[in-house]
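> Questions regarding the structure given below will be posed in turn.
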Amino acid sequence: MGTKETEGSNIPFARPFIGKEEEEAVLRVLRSGWLTTGKEALAFEKEFEDFLSESSPGTLRCLAVNSATSGLHLALEACGVGPGDTVLVPSLTFTSTAEVARYLGAEVVFVDLAPGSFLMDPAALEKTLDRLSRGLPAYGGLKPDGRGDFGPTGKPRAVIPVHYGGLPCDMKAIMEIARRYDVKVIEDAAHAFPSRLKDGSFAGTLADAGVFSFYATKTITTGEGGMVATRDRAIADRVAVMRSHGIDRAVWNRYTDRKASWYYEVVEPGFKYNLPDLLAALGRVQLKRAWRLLEERRQIAARYNDAFAGDNRFILPPTGDENAWHLYPLRLNLANFDLSRDTMIERLQDRGIGVSVHFIPLHIMPYYRKRHNLLPEDFPESLRRFKGIISLPIWPGMEQDQIEKVIAGVKQEYRT
Ligand SMILES: *Cc1c(COP(=O)(O)O)cnc(C)c1O
């Protein structure tokens, strides 16, 4: 995903923080004789539950999976999403957020970002839900006109807000709207571990389900992996069954009590989405480091903010609730300089500074553009964000002189 691994004095865009404890944890599993899902995965789930329940103990259940993409797929499946349904997602996100709806035969409907924001616009969400629930095609009145009403129709079944970069969406507004239209809400919390609202509650625990990612570049990592968090028993039970081939463990457990450990029942054609112990062991160590890793990212973000504040060539990332700082998306005031964003990226990479862009909006990707006859200008906020952003390196272990080199590089290249 645009990560440029570099050597020597080069600064990679992202780098996992892996210490001795991670090495030892993986060795322990390697030597244990049990590599796939077992005790470690179970312990990881329990510890993740405890972490997220700190401020609201009780009913949260966490289910480990082999990626956030798998987790989003399972969560939508558990919500009953299928053919004839629509799933609403922001257009500025990674392709995972949308593709899972297509796995299930549902159509993807895009919602623009709030003005000046990286987060889904509740007002735009409401407008789109209103159209869909009246049987109208998703899009109408978009600029430029001439297409009339167009885009997918279908019962709106779920909305997937994305906590972009680690900053939580306005979940209160989104939940209120979704409940009114009887639509399920799945938080894409791939960037948001750990992100908290002002009341202390964690992003990813505020909707019907939340899904975290442990992909190699994310805030904590197992290489590949993910976690589904939910307070809804029916969703939790369904995800538990569907992530392991549709094998009903409750039945299996009943029979193991009677020592028939070979017995199981297949109740659905499920998926193979379990997280192996080898990776769960890594996750357990990373989880223990989560607050310290966040503090490091926070300090880097603060230094960047400090360096770019008050300079009218730059727009700082929005503030609000407690950000997990998976990304530091610096916005460029394109009117105030003569270098294109793309040239800027090339120059920074020439200097050995790994940068990236999050994201190329999905509505301009060939698949969705062609499928629903979309134009780039249809989602102007997403398009504007995309054209003017650069994601700067922000990873625990970054040295002070590396941070300063990034700042100097950006300021130097970005001349008017
Ligand atoms: C990384 C990412 C995902 C997918 O995570 P995986 O664990 O790689 O499947 C989903 N949504 C967003 C916004 C992401 O950035």
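Following the order of the structure tokens, first chain is A, next is B, and so on, with residues numbered from 1 inside each chain and ligands from 1 in the order they appear.
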Would you list the residues that come within 10 Å of ligand 1? Count only C-alpha atoms and all ligand atoms and give the answer as a ChimeraX atom specification.
/A:1,65-73,90,92-100,160-166,187-192,211-218,221-227,326-327,358-359
> Hey, what's within 12 Å of A:Leu197 if we count only C-alpha atoms and toss same-chain stuff fewer than 5 positions away? As a list of chain:residue names, please?
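Residues near the query, excluding close chain neighbours: A:Ser55, A:His163, A:Gly166, A:Leu167, A:Pro168, A:Cys169, A:Asp170, A:Met171, A:Lys172, A:Ala192, A:Phe202, A:Ala203, A:Gly204, A:Thr205, A:Leu206, A:Thr319, A:Gly320, A:Asp321, A:Glu322, A:Asn323, A:Ala324.
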> Select, from A:Leu136, A:Leu52, A:Leu279, A:Met344, the residue with the minimum atom-to-atom distance to A:Thr230, counting only C-alpha atoms.
A:Leu52
> Write out as a list in words the set of residues from stretch 246-379 of chain A that DSSP, computed on the backbone, places in strand (DSSP E or B).
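Strand (DSSP E or B) assignments inside stretch 246-379 of chain A correspond to Ile247, Val266, Lys272, Phe314, Ile315, Glu322, Tyr328, Pro329, Leu330, Arg331, Leu332, Ile353 and Ser356 of chain A.
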> Applying 12 Å and only C-alpha atoms, which residues near A:Arg102 remain after dropping the ones on its own chain fewer than 3 positions away? List them as a list in words.
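Contacts, with the query itself left out: Leu72, His73, Leu76, Glu77, Val81, Gly82, Pro83, Gly84, Asp85, Thr86, Val87, Leu88, Thr95, Ser96, Thr97, Ala98, Glu99, Gly105, Ala106, Glu107, Val108, Val109, Tyr367, Tyr368 and Arg371 of chain A.
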> Calculated over only C-alpha atoms, which of the candidates A:Ser32, A:Asn274, A:Gln402, A:Asn312 has the smallest distance to A:Met242?
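Closest to A:Met242, using only C-alpha atoms: A:Asn274.
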> For A:Pro269, which residue out of A:Leu132, A:Ala290, A:Val241, A:Ile18 is the nearest one, using only C-alpha atoms?
A:Val241
> Give me every helix (DSSP H, G or I) residue in stretch 127-200 of chain A, going by DSSP on the backbone, as number ranges by chain.
A: 127-133, 164-166, 171-180
> Atoms to include: N, CA, C and O atoms. Write the selected residues as an mmCIF file, in the first residue's frame.

data_model
loop_
_atom_site.group_PDB
_atom_site.id
_atom_site.type_symbol
_atom_site.label_atom_id
_atom_site.label_comp_id
_atom_site.auth_asym_id
_atom_site.auth_seq_id
_atom_site.Cartn_x
_atom_site.Cartn_y
_atom_site.Cartn_z
ATOM 1 N N LYS A 127 -28.921 11.960 3.860
ATOM 2 C CA LYS A 127 -29.527 12.253 2.555
ATOM 3 C C LYS A 127 -29.564 10.985 1.691
ATOM 4 O O LYS A 127 -30.568 10.682 1.040
ATOM 5 N N THR A 128 -28.475 10.239 1.705
ATOM 6 C CA THR A 128 -28.400 9.033 0.878
ATOM 7 C C THR A 128 -29.335 7.943 1.412
ATOM 8 O O THR A 128 -30.004 7.252 0.640
ATOM 9 N N LEU A 129 -29.374 7.809 2.741
ATOM 10 C CA LEU A 129 -30.282 6.818 3.328
ATOM 11 C C LEU A 129 -31.727 7.153 2.991
ATOM 12 O O LEU A 129 -32.542 6.267 2.722
ATOM 13 N N ASP A 130 -32.023 8.446 2.993
ATOM 14 C CA ASP A 130 -33.378 8.878 2.688
ATOM 15 C C ASP A 130 -33.758 8.477 1.260
ATOM 16 O O ASP A 130 -34.837 7.944 1.018
ATOM 17 N N ARG A 131 -32.853 8.714 0.319
ATOM 18 C CA ARG A 131 -33.111 8.343 -1.082
ATOM 19 C C ARG A 131 -33.329 6.832 -1.202
ATOM 20 O O ARG A 131 -34.304 6.375 -1.799
ATOM 21 N N LEU A 132 -32.388 6.074 -0.660
ATOM 22 C CA LEU A 132 -32.440 4.612 -0.809
ATOM 23 C C LEU A 132 -33.707 4.038 -0.171
ATOM 24 O O LEU A 132 -34.345 3.138 -0.736
ATOM 25 N N SER A 133 -34.065 4.562 0.984
ATOM 26 C CA SER A 133 -35.216 3.983 1.678
ATOM 27 C C SER A 133 -36.532 4.369 0.995
ATOM 28 O O SER A 133 -37.554 3.742 1.243
ATOM 29 N N TYR A 164 -10.757 7.404 10.013
ATOM 30 C CA TYR A 164 -9.593 7.652 9.155
ATOM 31 C C TYR A 164 -8.391 8.140 9.951
ATOM 32 O O TYR A 164 -8.475 9.124 10.707
ATOM 33 N N GLY A 165 -7.275 7.466 9.745
ATOM 34 C CA GLY A 165 -6.024 7.869 10.373
ATOM 35 C C GLY A 165 -5.962 7.593 11.864
ATOM 36 O O GLY A 165 -4.902 7.666 12.466
ATOM 37 N N GLY A 166 -7.118 7.290 12.460
ATOM 38 C CA GLY A 166 -7.182 7.050 13.898
ATOM 39 C C GLY A 166 -8.065 8.047 14.625
ATOM 40 O O GLY A 166 -8.243 7.966 15.837
ATOM 41 N N MET A 171 -19.691 9.319 15.902
ATOM 42 C CA MET A 171 -20.492 8.101 16.018
ATOM 43 C C MET A 171 -21.869 8.361 16.607
ATOM 44 O O MET A 171 -22.819 7.639 16.318
ATOM 45 N N LYS A 172 -21.972 9.399 17.434
ATOM 46 C CA LYS A 172 -23.270 9.700 18.028
ATOM 47 C C LYS A 172 -24.266 10.056 16.919
ATOM 48 O O LYS A 172 -25.372 9.526 16.872
ATOM 49 N N ALA A 173 -23.828 10.939 16.032
ATOM 50 C CA ALA A 173 -24.705 11.348 14.928
ATOM 51 C C ALA A 173 -24.982 10.172 13.995
ATOM 52 O O ALA A 173 -26.126 9.951 13.581
ATOM 53 N N ILE A 174 -23.941 9.417 13.674
ATOM 54 C CA ILE A 174 -24.106 8.297 12.729
ATOM 55 C C ILE A 174 -25.048 7.242 13.298
ATOM 56 O O ILE A 174 -25.943 6.743 12.602
ATOM 57 N N MET A 175 -24.878 6.919 14.587
ATOM 58 C CA MET A 175 -25.752 5.903 15.190
ATOM 59 C C MET A 175 -27.211 6.378 15.234
ATOM 60 O O MET A 175 -28.130 5.593 14.975
ATOM 61 N N GLU A 176 -27.372 7.645 15.539
ATOM 62 C CA GLU A 176 -28.743 8.169 15.641
ATOM 63 C C GLU A 176 -29.442 8.077 14.277
ATOM 64 O O GLU A 176 -30.595 7.638 14.188
ATOM 65 N N ILE A 177 -28.725 8.456 13.232
ATOM 66 C CA ILE A 177 -29.300 8.395 11.882
ATOM 67 C C ILE A 177 -29.556 6.947 11.475
ATOM 68 O O ILE A 177 -30.630 6.589 10.981
ATOM 69 N N ALA A 178 -28.553 6.089 11.715
ATOM 70 C CA ALA A 178 -28.667 4.681 11.301
ATOM 71 C C ALA A 178 -29.846 4.002 11.994
ATOM 72 O O ALA A 178 -30.595 3.242 11.368
ATOM 73 N N ARG A 179 -30.036 4.271 13.273
ATOM 74 C CA ARG A 179 -31.147 3.647 14.016
ATOM 75 C C ARG A 179 -32.491 4.080 13.426
ATOM 76 O O ARG A 179 -33.418 3.291 13.318
ATOM 77 N N ARG A 180 -32.556 5.363 13.034
ATOM 78 C CA ARG A 180 -33.813 5.867 12.476
ATOM 79 C C ARG A 180 -34.165 5.165 11.171
ATOM 80 O O ARG A 180 -35.325 4.954 10.859
#
